[in-house]
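Trainee: The file below is my_file.csv, CSV, C-alpha atoms and all ligand atoms:
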```
chain,number,residue,atom,x,y,z
A,388,MET,CA,-38.2,-78.1,216.0
A,389,THR,CA,-37.0,-74.5,216.7
A,390,ASN,CA,-38.1,-72.9,220.0
A,391,GLU,CA,-38.1,-76.5,221.4
A,392,HIS,CA,-37.2,-75.3,224.9
A,393,GLN,CA,-40.5,-73.5,225.4
A,394,THR,CA,-42.5,-75.0,228.3
A,395,VAL,CA,-45.9,-76.2,227.3
A,396,ALA,CA,-48.6,-76.8,230.0
A,397,PHE,CA,-51.6,-78.9,229.2
A,398,ILE,CA,-54.6,-78.1,231.4
A,399,GLY,CA,-56.7,-81.3,231.3
A,400,ALA,CA,-55.0,-84.6,230.7
A,401,GLY,CA,-57.7,-86.5,228.8
A,402,ASN,CA,-58.0,-88.1,225.4
A,403,MET,CA,-57.0,-85.1,223.3
A,404,SER,CA,-54.1,-84.0,225.5
A,405,GLY,CA,-52.9,-87.5,225.8
A,406,ALA,CA,-52.9,-87.9,222.0
A,407,ILE,CA,-51.0,-84.6,221.4
A,408,ILE,CA,-48.5,-85.2,224.1
A,409,ALA,CA,-47.8,-88.8,222.9
A,410,GLY,CA,-47.3,-87.4,219.4
A,411,LEU,CA,-45.0,-84.6,220.6
A,412,VAL,CA,-42.8,-86.8,222.7
A,413,SER,CA,-42.5,-89.6,220.0
A,414,ASN,CA,-41.5,-86.8,217.6
A,415,GLY,CA,-38.6,-85.7,219.9
A,416,TYR,CA,-40.2,-82.8,221.8
A,417,PRO,CA,-38.4,-82.8,225.2
A,418,ALA,CA,-40.7,-84.4,227.8
A,419,SER,CA,-39.0,-82.2,230.5
A,420,ASN,CA,-40.6,-79.2,228.7
A,421,ILE,CA,-44.1,-80.6,228.9
A,422,ILE,CA,-46.3,-80.5,232.0
A,423,ALA,CA,-49.9,-81.8,232.3
A,424,ALA,CA,-52.4,-80.8,235.0
A,425,ASN,CA,-55.5,-82.9,235.9
A,426,PRO,CA,-57.7,-83.1,239.0
A,427,SER,CA,-57.3,-86.9,239.3
A,428,MET,CA,-54.0,-88.8,239.2
A,429,PRO,CA,-54.4,-92.0,237.2
A,430,LYS,CA,-54.3,-90.4,233.7
A,431,LEU,CA,-51.4,-88.2,234.9
A,432,GLU,CA,-49.4,-91.2,236.2
A,433,THR,CA,-49.9,-93.0,232.9
A,434,LEU,CA,-48.6,-90.0,231.0
A,435,GLN,CA,-45.6,-89.7,233.3
A,436,ASN,CA,-44.8,-93.4,233.3
A,437,ASN,CA,-45.2,-93.8,229.5
A,438,LEU,CA,-43.8,-90.5,228.3
A,439,GLY,CA,-41.7,-89.0,231.1
A,440,ILE,CA,-43.5,-85.7,231.2
A,441,ASN,CA,-44.0,-83.6,234.3
A,442,ILE,CA,-47.4,-83.8,236.1
A,443,THR,CA,-49.4,-81.9,238.7
A,444,THR,CA,-52.9,-81.8,240.0
A,445,ASP,CA,-52.6,-78.0,240.3
A,446,ASN,CA,-53.5,-76.1,237.2
A,447,ILE,CA,-51.9,-72.9,238.5
A,448,GLN,CA,-48.6,-74.6,239.2
A,449,ALA,CA,-48.6,-76.0,235.6
A,450,CYS,CA,-49.4,-72.6,234.2
A,451,GLN,CA,-46.9,-70.6,236.2
A,452,HIS,CA,-43.7,-71.7,234.4
A,453,ALA,CA,-45.3,-72.3,231.0
A,454,ASP,CA,-44.8,-70.2,227.9
A,455,VAL,CA,-47.7,-71.8,226.1
A,456,VAL,CA,-50.8,-73.0,227.9
A,457,VAL,CA,-52.9,-75.6,226.1
A,458,LEU,CA,-56.5,-75.5,227.3
A,459,ALA,CA,-57.8,-79.1,226.9
A,460,VAL,CA,-60.7,-79.5,229.3
A,461,LYS,CA,-64.3,-80.1,228.2
A,462,PRO,CA,-65.9,-77.0,226.6
A,463,HIS,CA,-68.2,-76.1,229.5
A,464,LEU,CA,-65.1,-75.9,231.9
A,465,ILE,CA,-62.9,-73.7,229.7
A,466,GLN,CA,-64.1,-70.3,231.1
A,467,GLN,CA,-64.0,-71.6,234.7
A,468,VAL,CA,-60.4,-72.8,234.2
A,469,CYS,CA,-59.4,-69.5,232.5
A,470,GLN,CA,-60.9,-67.5,235.5
A,471,GLN,CA,-59.0,-69.8,238.0
A,472,LEU,CA,-55.7,-69.1,236.2
A,473,ALA,CA,-56.4,-65.4,235.9
A,474,ASP,CA,-57.3,-65.1,239.6
A,475,SER,CA,-54.1,-66.9,240.7
A,476,THR,CA,-51.1,-66.2,238.5
A,477,ASP,CA,-49.5,-63.6,236.2
A,478,LEU,CA,-50.6,-64.6,232.7
A,479,SER,CA,-48.7,-61.8,230.8
A,480,GLY,CA,-46.5,-63.1,228.0
A,481,LYS,CA,-48.2,-66.5,227.8
A,482,CYS,CA,-49.9,-67.8,224.7
A,483,PHE,CA,-53.1,-69.8,225.1
A,484,ILE,CA,-54.0,-72.6,222.7
A,485,SER,CA,-57.5,-73.8,223.2
A,486,VAL,CA,-58.5,-77.2,221.6
A,487,ALA,CA,-62.1,-76.9,222.9
A,488,ALA,CA,-64.9,-77.2,220.4
A,489,GLY,CA,-67.6,-74.5,220.8
A,490,VAL,CA,-65.9,-71.9,222.9
A,491,ASN,CA,-65.0,-68.7,221.1
A,492,ILE,CA,-62.0,-66.4,221.7
A,493,ILE,CA,-63.9,-63.4,223.1
A,494,PRO,CA,-65.4,-65.2,226.1
A,495,MET,CA,-62.0,-66.9,226.7
A,496,GLN,CA,-60.3,-63.5,226.8
A,497,ALA,CA,-63.0,-62.1,229.1
A,498,ALA,CA,-62.4,-65.0,231.5
A,499,LEU,CA,-58.7,-64.5,231.3
A,500,GLY,CA,-59.2,-60.9,232.2
A,501,PHE,CA,-57.2,-59.3,229.4
A,502,ALA,CA,-56.8,-59.4,225.6
A,503,ALA,CA,-54.6,-62.5,225.8
A,504,PRO,CA,-53.1,-64.1,222.7
A,505,VAL,CA,-55.4,-67.0,222.1
A,506,ILE,CA,-55.1,-69.6,219.3
A,507,ARG,CA,-58.1,-71.8,218.6
A,508,CYS,CA,-56.8,-75.2,217.5
A,509,MET,CA,-59.0,-78.1,216.4
A,510,PRO,CA,-56.9,-81.2,216.4
A,511,ASN,CA,-58.0,-84.8,216.1
A,512,THR,CA,-56.9,-88.0,217.9
A,513,PRO,CA,-54.7,-89.4,215.1
A,514,SER,CA,-52.3,-86.7,216.4
A,515,GLN,CA,-51.3,-89.5,218.8
A,516,ILE,CA,-49.5,-91.3,215.9
A,517,GLY,CA,-48.3,-88.3,214.0
A,518,LEU,CA,-51.2,-88.4,211.5
A,519,GLY,CA,-53.3,-85.7,212.9
A,520,VAL,CA,-55.1,-82.8,211.3
A,521,SER,CA,-55.2,-79.4,213.2
A,522,GLY,CA,-57.2,-76.4,212.1
A,523,MET,CA,-55.8,-73.2,213.6
A,524,TYR,CA,-57.0,-69.7,214.0
A,525,ALA,CA,-55.1,-67.0,215.8
A,526,SER,CA,-56.5,-63.9,217.6
A,527,GLY,CA,-55.1,-60.5,216.6
A,528,GLU,CA,-53.0,-60.5,219.8
A,529,VAL,CA,-50.9,-63.5,218.8
A,530,SER,CA,-47.4,-62.5,217.8
A,531,GLU,CA,-45.7,-64.0,214.8
A,532,ASN,CA,-43.3,-65.9,217.0
A,533,GLN,CA,-46.2,-67.4,219.0
A,534,ARG,CA,-48.0,-68.3,215.8
A,535,GLN,CA,-44.9,-70.0,214.4
A,536,PHE,CA,-44.4,-71.9,217.6
A,537,ALA,CA,-48.0,-73.2,217.6
A,538,ASP,CA,-47.6,-74.1,214.0
A,539,GLN,CA,-44.5,-76.1,214.6
A,540,LEU,CA,-46.0,-77.7,217.7
A,541,MET,CA,-49.0,-79.0,215.9
A,542,GLN,CA,-47.1,-79.9,212.7
A,543,SER,CA,-45.0,-82.3,214.8
A,544,VAL,CA,-48.2,-84.4,215.3
A,545,GLY,CA,-49.8,-84.0,211.8
A,546,ILE,CA,-50.8,-81.5,209.2
A,547,VAL,CA,-51.9,-77.9,210.0
A,548,GLN,CA,-54.5,-75.9,208.2
A,549,TRP,CA,-54.6,-72.2,209.1
A,550,LEU,CA,-58.0,-70.7,208.8
A,551,ASP,CA,-59.1,-67.2,207.8
A,552,SER,CA,-61.9,-66.9,210.3
A,553,GLU,CA,-62.8,-68.3,213.7
A,554,ALA,CA,-66.1,-69.6,212.3
A,555,GLN,CA,-64.2,-72.0,210.0
A,556,ILE,CA,-63.0,-73.9,213.2
A,557,ASP,CA,-66.6,-75.2,213.3
A,558,ASP,CA,-66.3,-76.4,209.7
A,559,LEU,CA,-63.0,-78.0,210.5
A,560,ILE,CA,-64.6,-79.9,213.4
A,561,ALA,CA,-67.0,-81.5,211.0
A,562,VAL,CA,-64.3,-82.3,208.4
A,563,ALA,CA,-61.5,-83.5,210.7
A,564,GLY,CA,-61.9,-83.0,214.4
A,565,SER,CA,-64.9,-85.3,214.8
A,566,ALA,CA,-64.3,-87.3,211.6
A,567,PRO,CA,-62.1,-90.1,212.9
A,568,ALA,CA,-65.2,-91.3,214.7
A,569,TYR,CA,-67.1,-91.5,211.4
A,570,PHE,CA,-64.6,-93.9,210.0
A,571,PHE,CA,-64.4,-95.9,213.2
A,572,ALA,CA,-68.3,-96.2,213.2
A,573,PHE,CA,-68.1,-97.4,209.5
A,574,MET,CA,-65.4,-99.9,210.4
A,575,GLU,CA,-67.4,-101.1,213.4
A,576,ALA,CA,-70.4,-101.7,211.3
A,577,MET,CA,-68.3,-103.7,208.8
A,578,GLN,CA,-66.7,-105.7,211.5
A,579,ASN,CA,-70.1,-106.6,212.9
A,580,LYS,CA,-71.3,-107.8,209.5
A,581,ALA,CA,-68.1,-109.8,209.1
A,582,MET,CA,-68.7,-111.4,212.5
A,583,ALA,CA,-72.3,-112.1,211.5
A,584,LEU,CA,-70.9,-113.9,208.5
A,585,GLY,CA,-68.9,-116.2,210.7
A,586,PHE,CA,-65.5,-114.6,210.9
A,587,SER,CA,-64.0,-114.4,214.3
A,588,LYS,CA,-63.9,-111.0,216.0
A,589,ALA,CA,-60.1,-110.9,215.5
A,590,ASP,CA,-60.2,-111.9,211.9
A,591,SER,CA,-63.1,-109.5,211.2
A,592,ARG,CA,-61.0,-106.7,212.7
A,593,LYS,CA,-57.9,-107.7,210.7
A,594,LEU,CA,-59.8,-107.8,207.4
A,595,VAL,CA,-61.6,-104.5,208.0
A,596,GLN,CA,-58.6,-102.6,209.3
A,597,GLN,CA,-56.3,-103.7,206.5
A,598,THR,CA,-58.9,-102.8,203.9
A,599,ALA,CA,-59.4,-99.4,205.5
A,600,LEU,CA,-55.6,-98.9,205.6
A,601,GLY,CA,-55.2,-100.0,202.0
A,602,ALA,CA,-58.0,-97.7,200.8
A,603,ALA,CA,-56.5,-94.7,202.7
A,604,HIS,CA,-53.1,-95.4,201.3
A,605,MET,CA,-54.5,-95.7,197.8
A,606,VAL,CA,-56.0,-92.2,198.2
A,607,VAL,CA,-52.8,-90.7,199.6
A,608,GLU,CA,-50.5,-92.3,197.0
A,609,ASN,CA,-52.7,-91.5,194.0
A,610,ASP,CA,-53.2,-87.8,194.5
A,611,ASP,CA,-53.4,-87.3,190.8
A,612,LEU,CA,-56.6,-89.4,190.7
A,613,ASP,CA,-60.0,-88.2,192.1
A,614,ILE,CA,-61.3,-90.4,194.9
A,615,SER,CA,-64.3,-91.1,192.6
A,616,THR,CA,-61.9,-92.7,190.1
A,617,LEU,CA,-60.5,-95.0,192.7
A,618,ARG,CA,-64.0,-96.0,193.6
A,619,GLU,CA,-64.8,-96.6,189.9
A,620,ASN,CA,-61.7,-98.8,189.6
A,621,VAL,CA,-63.2,-101.2,192.1
A,622,THR,CA,-66.6,-101.2,190.5
A,623,SER,CA,-67.2,-103.7,187.8
A,624,LYS,CA,-70.2,-103.1,185.7
A,625,GLY,CA,-73.1,-105.3,186.9
A,626,GLY,CA,-70.8,-106.7,189.7
A,627,THR,CA,-70.8,-107.0,193.4
A,628,THR,CA,-69.4,-103.5,194.3
A,629,GLN,CA,-71.9,-101.8,192.1
A,630,GLN,CA,-74.7,-103.6,194.0
A,631,ALA,CA,-73.3,-102.6,197.3
A,632,LEU,CA,-72.8,-98.9,196.2
A,633,THR,CA,-76.4,-98.9,194.8
A,634,THR,CA,-77.6,-100.1,198.2
A,635,PHE,CA,-75.6,-97.2,199.9
A,636,ALA,CA,-77.1,-94.7,197.4
A,637,GLN,CA,-80.6,-95.9,197.9
A,638,GLY,CA,-80.1,-95.5,201.7
A,639,GLY,CA,-79.0,-91.9,201.0
A,640,LEU,CA,-75.4,-92.2,202.0
A,641,ALA,CA,-74.1,-88.9,200.5
A,642,GLU,CA,-77.1,-86.9,201.9
A,643,LEU,CA,-76.6,-88.6,205.2
A,644,VAL,CA,-72.9,-87.7,205.4
A,645,ASP,CA,-73.8,-84.1,204.4
A,646,LYS,CA,-76.5,-83.9,207.1
A,647,ALA,CA,-74.3,-85.5,209.8
A,648,MET,CA,-71.4,-83.1,209.1
A,649,GLN,CA,-73.8,-80.1,209.1
A,650,SER,CA,-75.2,-81.3,212.4
A,651,ALA,CA,-71.7,-81.2,213.9
A,652,ILE,CA,-71.2,-77.7,212.7
A,653,ASP,CA,-74.7,-76.6,214.1
A,654,ARG,CA,-73.8,-78.2,217.4
A,655,ALA,CA,-70.6,-76.3,217.6
A,656,VAL,CA,-72.4,-73.0,217.0
A,657,GLU,CA,-75.0,-73.9,219.6
A,658,MET,CA,-72.2,-74.8,222.1
A,659,ALA,CA,-70.5,-71.4,221.4
A,660,LYS,CA,-73.8,-69.6,222.4
A,661,ASP,CA,-74.0,-71.6,225.6
A,662,ASN,CA,-70.4,-70.8,226.4
A,663,SER,CA,-70.5,-67.1,225.6
A,701,LIG,N1,-61.5,-86.1,221.9
A,701,LIG,C1,-61.3,-85.6,220.6
A,701,LIG,O1,-61.2,-86.3,219.6
A,701,LIG,C2,-61.2,-84.1,220.5
A,701,LIG,C3,-61.4,-83.2,221.6
A,701,LIG,N2,-61.3,-81.9,221.4
A,701,LIG,C4,-61.6,-81.0,222.6
A,701,LIG,O2,-60.6,-81.3,223.6
A,701,LIG,C5,-61.2,-81.0,224.8
A,701,LIG,C6,-61.0,-82.2,225.8
A,701,LIG,O3,-61.6,-83.3,225.2
A,701,LIG,P1,-61.2,-84.8,225.6
A,701,LIG,O4,-59.8,-84.8,225.8
A,701,LIG,O5,-61.9,-85.6,224.6
A,701,LIG,O6,-62.0,-84.9,227.0
A,701,LIG,P2,-61.5,-85.8,228.3
A,701,LIG,O7,-62.7,-85.9,229.1
A,701,LIG,O8,-60.9,-87.0,227.8
A,701,LIG,O9,-60.4,-84.9,229.0
A,701,LIG,C7,-60.7,-83.7,229.8
A,701,LIG,C8,-59.8,-83.8,231.0
A,701,LIG,O10,-60.0,-82.6,231.7
A,701,LIG,C9,-59.9,-83.0,233.1
A,701,LIG,N3,-60.5,-81.9,233.9
A,701,LIG,C10,-61.7,-81.8,234.4
A,701,LIG,N4,-61.9,-80.7,235.1
A,701,LIG,C11,-60.7,-80.1,235.1
A,701,LIG,C12,-60.2,-78.9,235.6
A,701,LIG,N5,-60.9,-78.0,236.3
A,701,LIG,N6,-58.9,-78.6,235.4
A,701,LIG,C13,-58.0,-79.4,234.7
A,701,LIG,N7,-58.5,-80.5,234.1
A,701,LIG,C14,-59.8,-80.9,234.3
A,701,LIG,C15,-60.6,-84.3,233.2
A,701,LIG,O11,-60.2,-85.0,234.3
A,701,LIG,P3,-61.1,-86.1,235.0
A,701,LIG,O12,-61.5,-87.1,234.0
A,701,LIG,O13,-60.3,-86.6,236.1
A,701,LIG,O14,-62.4,-85.3,235.5
A,701,LIG,C16,-60.1,-85.0,231.9
A,701,LIG,O15,-59.0,-85.8,232.1
A,701,LIG,C17,-62.6,-80.7,224.6
A,701,LIG,O16,-62.8,-79.3,224.8
A,701,LIG,C18,-62.9,-81.1,223.2
A,701,LIG,O17,-63.8,-80.2,222.6
A,701,LIG,C19,-60.9,-81.3,220.2
A,701,LIG,C20,-60.7,-82.1,219.2
A,701,LIG,C21,-60.8,-83.5,219.2
A,702,LIG,O1,-67.0,-84.5,220.1
A,702,LIG,C1,-66.5,-83.4,220.4
A,702,LIG,O2,-67.2,-82.4,220.7
A,702,LIG,C2,-65.0,-83.2,220.3
A,702,LIG,C3,-64.7,-82.1,219.3
A,702,LIG,C4,-64.1,-82.9,218.1
A,702,LIG,C5,-64.0,-84.2,218.6
A,702,LIG,N1,-64.4,-84.4,219.8
```
Before anything else, please render the file you have as structure tokens.
Mentor:
Amino acid sequence: MTNEHQTVAFIGAGNMSGAIIAGLVSNGYPASNIIAANPSMPKLETLQNNLGINITTDNIQACQHADVVVLAVKPHLIQQVCQQLADSTDLSGKCFISVAAGVNIIPMQAALGFAAPVIRCMPNTPSQIGLGVSGMYASGEVSENQRQFADQLMQSVGIVQWLDSEAQIDDLIAVAGSAPAYFFAFMEAMQNKAMALGFSKADSRKLVQQTALGAAHMVVENDDLDISTLRENVTSKGGTTQQALTTFAQGGLAELVDKAMQSAIDRAVEMAKDNS
């Protein structure tokens, strides 16, 4: 990665920061150029012990020497953290990357006290193993260099999709940010049924995870085929798969997925109003 000696500070060392930092370090980003700040120590110590990054309980200290500040606290705390940083240190020249859902750029800039370069980034937790998806949108103040750096940073933990409008971040949340949980929920339900059928918990998990992995690989490795064709290839006329898929259709699976994804988008819009 070029620009690899830029110092990146993560404010908030929870699930999403942990996933991105793990992905960065395993991809060769120097741990000495990463610092994470969190109010409590246990998560920080785990990150330091496992990945060798710098840690602090002081957001301001983390921010002071950083070129790039990743804001990764819960959405309702983003403005408070921005204000804390603005009140205590010189923020000029720093680029901010916010991974928060439902907090728009304008209120963040207001809390930072100037028209700061802010990038909205919507990653997902598979970033931890280099298989993430990140939607990115840059404010007008972001320089080409800063944009390229953010692009390289997030590409090192998965694929990056730049968006034309900030509103599309909300769509990206429904399609990718929240979406690992949809697949986990589906796999959980399948594991539960396998257990009800008498398989052990471990065997149920093994059977379900290998099937999910195989199905995902089939999609990735057959990009000339529509996903619907892959589905049809499993479905013998009058057979077992058809019966299962009919049961899903009767339960309104496609409509339910549409409704669930739309509800995620609606929630992001609602959160942005609360955080404005
Ligand atoms: N989880 C996911 O899959 C995704 C999350 N996001 C976004 O990432 C952000 C973080 O989510 P997630 O990682 O899941 O949440 P977590 O709760 O796991 O992490 C948030 C972290 O912030 C810490 N924190 C609380 N207050 C402060 C503060 N004032 N200063 C610094 N750190 C603080 C918390 O510490 P403590 O626990 O000690 O209070 C916690 O470790 C959210 O805005 C979310 O929208 C985006 C995409 C995907
Ligand atoms: O559930 C949330 O609000 C965050 C954003 C996407 C994934 N987790």
Trainee: Counting all atoms listed in the file, what residues are within 10 Å of ligand LIG 702 (chain A), given as a compact mmCIF listing (two decimals) with C-alpha atoms, in the coordinates of the input?
Mentor:
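After the write, result-v6.txt holds the following:
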```txt
# COMPACT_ATOMS: atom_id res chain seq x y z
CA ASN A 402 -58.00 -88.10 225.40
CA MET A 403 -57.00 -85.10 223.30
CA LYS A 461 -64.30 -80.10 228.20
CA PRO A 462 -65.90 -77.00 226.60
CA VAL A 486 -58.50 -77.20 221.60
CA ALA A 487 -62.10 -76.90 222.90
CA ALA A 488 -64.90 -77.20 220.40
CA GLY A 489 -67.60 -74.50 220.80
CA MET A 509 -59.00 -78.10 216.40
CA PRO A 510 -56.90 -81.20 216.40
CA ASN A 511 -58.00 -84.80 216.10
CA THR A 512 -56.90 -88.00 217.90
CA ASP A 557 -66.60 -75.20 213.30
CA LEU A 559 -63.00 -78.00 210.50
CA ILE A 560 -64.60 -79.90 213.40
CA ALA A 561 -67.00 -81.50 211.00
CA VAL A 562 -64.30 -82.30 208.40
CA ALA A 563 -61.50 -83.50 210.70
CA GLY A 564 -61.90 -83.00 214.40
CA SER A 565 -64.90 -85.30 214.80
CA ALA A 566 -64.30 -87.30 211.60
CA PRO A 567 -62.10 -90.10 212.90
CA ALA A 568 -65.20 -91.30 214.70
CA ALA A 651 -71.70 -81.20 213.90
CA ARG A 654 -73.80 -78.20 217.40
CA ALA A 655 -70.60 -76.30 217.60
CA MET A 658 -72.20 -74.80 222.10
```
Trainee: Got a sec: who's within 10 Å of Met605 in chain A, counting only C-alpha atoms, leaving out chain neighbours fewer than 5 positions off, as a count of residues only?
Mentor: 6
Trainee: Take CA of Val607 in chain A and CA of Ser543 in chain A and report the distance between them in Å, one decimal.
Mentor: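 These atoms are spaced 19.0 Å apart.
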Trainee: Find the residue from A:Ala453, A:Cys508, A:Ala581, A:Ile546 that sits nearest to ligand LIG 701 (chain A); use all atoms listed in the file when measuring.
Mentor: A:Cys508
Trainee: Find, counting only C-alpha atoms and all ligand atoms, the residue in A:Gly500, A:Gly522, A:Gly410, A:Gly517 that gets nearest to ligand LIG 701 (chain A).
Mentor: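 Smallest separation from ligand LIG 701 (chain A) among the options: A:Gly522.
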Trainee: What does the distance from CA of Asp538 in chain A to CA of Leu518 in chain A come to in Å, to one decimal?
Mentor: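 Computing it gives 15.0 Å between the two atoms.
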Trainee: Quick one: distance from CA of Cys469 in chain A to atom C6 of ligand LIG 701 (chain A) in Å, one decimal?
Mentor: 14.4 Å
Trainee: If we count only C-alpha atoms, what is near Ala502 in chain A at a cut-off of 12 Å, once residues fewer than 6 positions away on the same chain are taken out, given as a PDB file with C-alpha atoms, in the frame of the given file?
Mentor:
```
ATOM      1  CA  ALA A 473     -56.400 -65.400 235.900  1.00  0.00           C
ATOM      2  CA  LEU A 478     -50.600 -64.600 232.700  1.00  0.00           C
ATOM      3  CA  SER A 479     -48.700 -61.800 230.800  1.00  0.00           C
ATOM      4  CA  GLY A 480     -46.500 -63.100 228.000  1.00  0.00           C
ATOM      5  CA  LYS A 481     -48.200 -66.500 227.800  1.00  0.00           C
ATOM      6  CA  CYS A 482     -49.900 -67.800 224.700  1.00  0.00           C
ATOM      7  CA  PHE A 483     -53.100 -69.800 225.100  1.00  0.00           C
ATOM      8  CA  ILE A 492     -62.000 -66.400 221.700  1.00  0.00           C
ATOM      9  CA  ILE A 493     -63.900 -63.400 223.100  1.00  0.00           C
ATOM     10  CA  PRO A 494     -65.400 -65.200 226.100  1.00  0.00           C
ATOM     11  CA  MET A 495     -62.000 -66.900 226.700  1.00  0.00           C
ATOM     12  CA  GLN A 496     -60.300 -63.500 226.800  1.00  0.00           C
ATOM     13  CA  SER A 526     -56.500 -63.900 217.600  1.00  0.00           C
ATOM     14  CA  GLY A 527     -55.100 -60.500 216.600  1.00  0.00           C
ATOM     15  CA  GLU A 528     -53.000 -60.500 219.800  1.00  0.00           C
ATOM     16  CA  VAL A 529     -50.900 -63.500 218.800  1.00  0.00           C
TER      17      VAL A 529
END
```
Trainee: Compare A:Ala603, A:Ala659, A:Met582, A:Ile421 by their minimum atom-to-atom distance to ligand LIG 701 (chain A), counting all atoms listed in the file, and give me the closest one.
Mentor: A:Ala659
Trainee: Identify, on the basis of only C-alpha atoms, every residue whose closest approach to Thr443 in chain A does not exceed 8 Å; exclude the query and any residue fewer than 5 positions from it along the same chain; express the result as a count of residues only.
Mentor: 7
Trainee: As a PDB file with C-alpha atoms, in the coordinates of the input, please: the residues near range 627-644 of chain A (cut-off 10 Å, all atoms listed in the file, same-chain neighbours under 6 positions excluded).
Mentor:
```pdb
ATOM      1  CA  TYR A 569     -67.100 -91.500 211.400  1.00  0.00           C
ATOM      2  CA  ARG A 618     -64.000 -96.000 193.600  1.00  0.00           C
ATOM      3  CA  GLU A 619     -64.800 -96.600 189.900  1.00  0.00           C
ATOM      4  CA  VAL A 621     -63.200-101.200 192.100  1.00  0.00           C
ATOM      5  CA  SER A 650     -75.200 -81.300 212.400  1.00  0.00           C
TER       6      SER A 650
END
```
Trainee: Could you write range 586-602 of chain A as a PDB file, keeping the file's coordinate frame, with N, CA and C atoms rebuilt where they are missing?
Mentor:
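The resulting rebuild.pdb:
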```pdb
ATOM      1  N   PHE A 586     -66.902-114.867 210.566  1.00  0.00           N
ATOM      2  CA  PHE A 586     -65.500-114.600 210.900  1.00  0.00           C
ATOM      3  C   PHE A 586     -65.339-114.363 212.360  1.00  0.00           C
ATOM      4  N   SER A 587     -64.195-114.732 212.927  1.00  0.00           N
ATOM      5  CA  SER A 587     -64.000-114.400 214.300  1.00  0.00           C
ATOM      6  C   SER A 587     -63.844-112.919 214.504  1.00  0.00           C
ATOM      7  N   LYS A 588     -63.969-112.465 215.752  1.00  0.00           N
ATOM      8  CA  LYS A 588     -63.900-111.000 216.000  1.00  0.00           C
ATOM      9  C   LYS A 588     -62.483-110.519 215.542  1.00  0.00           C
ATOM     10  N   ALA A 589     -61.439-111.287 215.898  1.00  0.00           N
ATOM     11  CA  ALA A 589     -60.100-110.900 215.500  1.00  0.00           C
ATOM     12  C   ALA A 589     -59.882-110.850 214.029  1.00  0.00           C
ATOM     13  N   ASP A 590     -60.354-111.904 213.353  1.00  0.00           N
ATOM     14  CA  ASP A 590     -60.200-111.900 211.900  1.00  0.00           C
ATOM     15  C   ASP A 590     -61.031-110.814 211.244  1.00  0.00           C
ATOM     16  N   SER A 591     -62.223-110.563 211.777  1.00  0.00           N
ATOM     17  CA  SER A 591     -63.100-109.500 211.200  1.00  0.00           C
ATOM     18  C   SER A 591     -62.339-108.161 211.315  1.00  0.00           C
ATOM     19  N   ARG A 592     -61.754-107.922 212.468  1.00  0.00           N
ATOM     20  CA  ARG A 592     -61.000-106.700 212.700  1.00  0.00           C
ATOM     21  C   ARG A 592     -59.839-106.565 211.696  1.00  0.00           C
ATOM     22  N   LYS A 593     -59.091-107.679 211.613  1.00  0.00           N
ATOM     23  CA  LYS A 593     -57.900-107.700 210.700  1.00  0.00           C
ATOM     24  C   LYS A 593     -58.302-107.380 209.296  1.00  0.00           C
ATOM     25  N   LEU A 594     -59.353-108.017 208.827  1.00  0.00           N
ATOM     26  CA  LEU A 594     -59.800-107.800 207.400  1.00  0.00           C
ATOM     27  C   LEU A 594     -60.256-106.404 207.190  1.00  0.00           C
ATOM     28  N   VAL A 595     -61.015-105.880 208.153  1.00  0.00           N
ATOM     29  CA  VAL A 595     -61.600-104.500 208.000  1.00  0.00           C
ATOM     30  C   VAL A 595     -60.466-103.476 208.089  1.00  0.00           C
ATOM     31  N   GLN A 596     -59.602-103.619 209.093  1.00  0.00           N
ATOM     32  CA  GLN A 596     -58.600-102.600 209.300  1.00  0.00           C
ATOM     33  C   GLN A 596     -57.596-102.532 208.136  1.00  0.00           C
ATOM     34  N   GLN A 597     -57.244-103.715 207.619  1.00  0.00           N
ATOM     35  CA  GLN A 597     -56.300-103.700 206.500  1.00  0.00           C
ATOM     36  C   GLN A 597     -56.920-103.144 205.243  1.00  0.00           C
ATOM     37  N   THR A 598     -58.215-103.384 205.072  1.00  0.00           N
ATOM     38  CA  THR A 598     -58.900-102.800 203.900  1.00  0.00           C
ATOM     39  C   THR A 598     -58.989-101.295 204.027  1.00  0.00           C
ATOM     40  N   ALA A 599     -59.288-100.819 205.248  1.00  0.00           N
ATOM     41  CA  ALA A 599     -59.400 -99.400 205.500  1.00  0.00           C
ATOM     42  C   ALA A 599     -57.990 -98.726 205.243  1.00  0.00           C
ATOM     43  N   LEU A 600     -56.958 -99.387 205.775  1.00  0.00           N
ATOM     44  CA  LEU A 600     -55.600 -98.900 205.600  1.00  0.00           C
ATOM     45  C   LEU A 600     -55.209 -98.832 204.149  1.00  0.00           C
ATOM     46  N   GLY A 601     -55.504 -99.919 203.452  1.00  0.00           N
ATOM     47  CA  GLY A 601     -55.200-100.000 202.000  1.00  0.00           C
ATOM     48  C   GLY A 601     -55.902 -98.911 201.241  1.00  0.00           C
ATOM     49  N   ALA A 602     -57.183 -98.721 201.547  1.00  0.00           N
ATOM     50  CA  ALA A 602     -58.000 -97.700 200.800  1.00  0.00           C
ATOM     51  C   ALA A 602     -57.416 -96.313 201.101  1.00  0.00           C
TER      52      ALA A 602
END
```
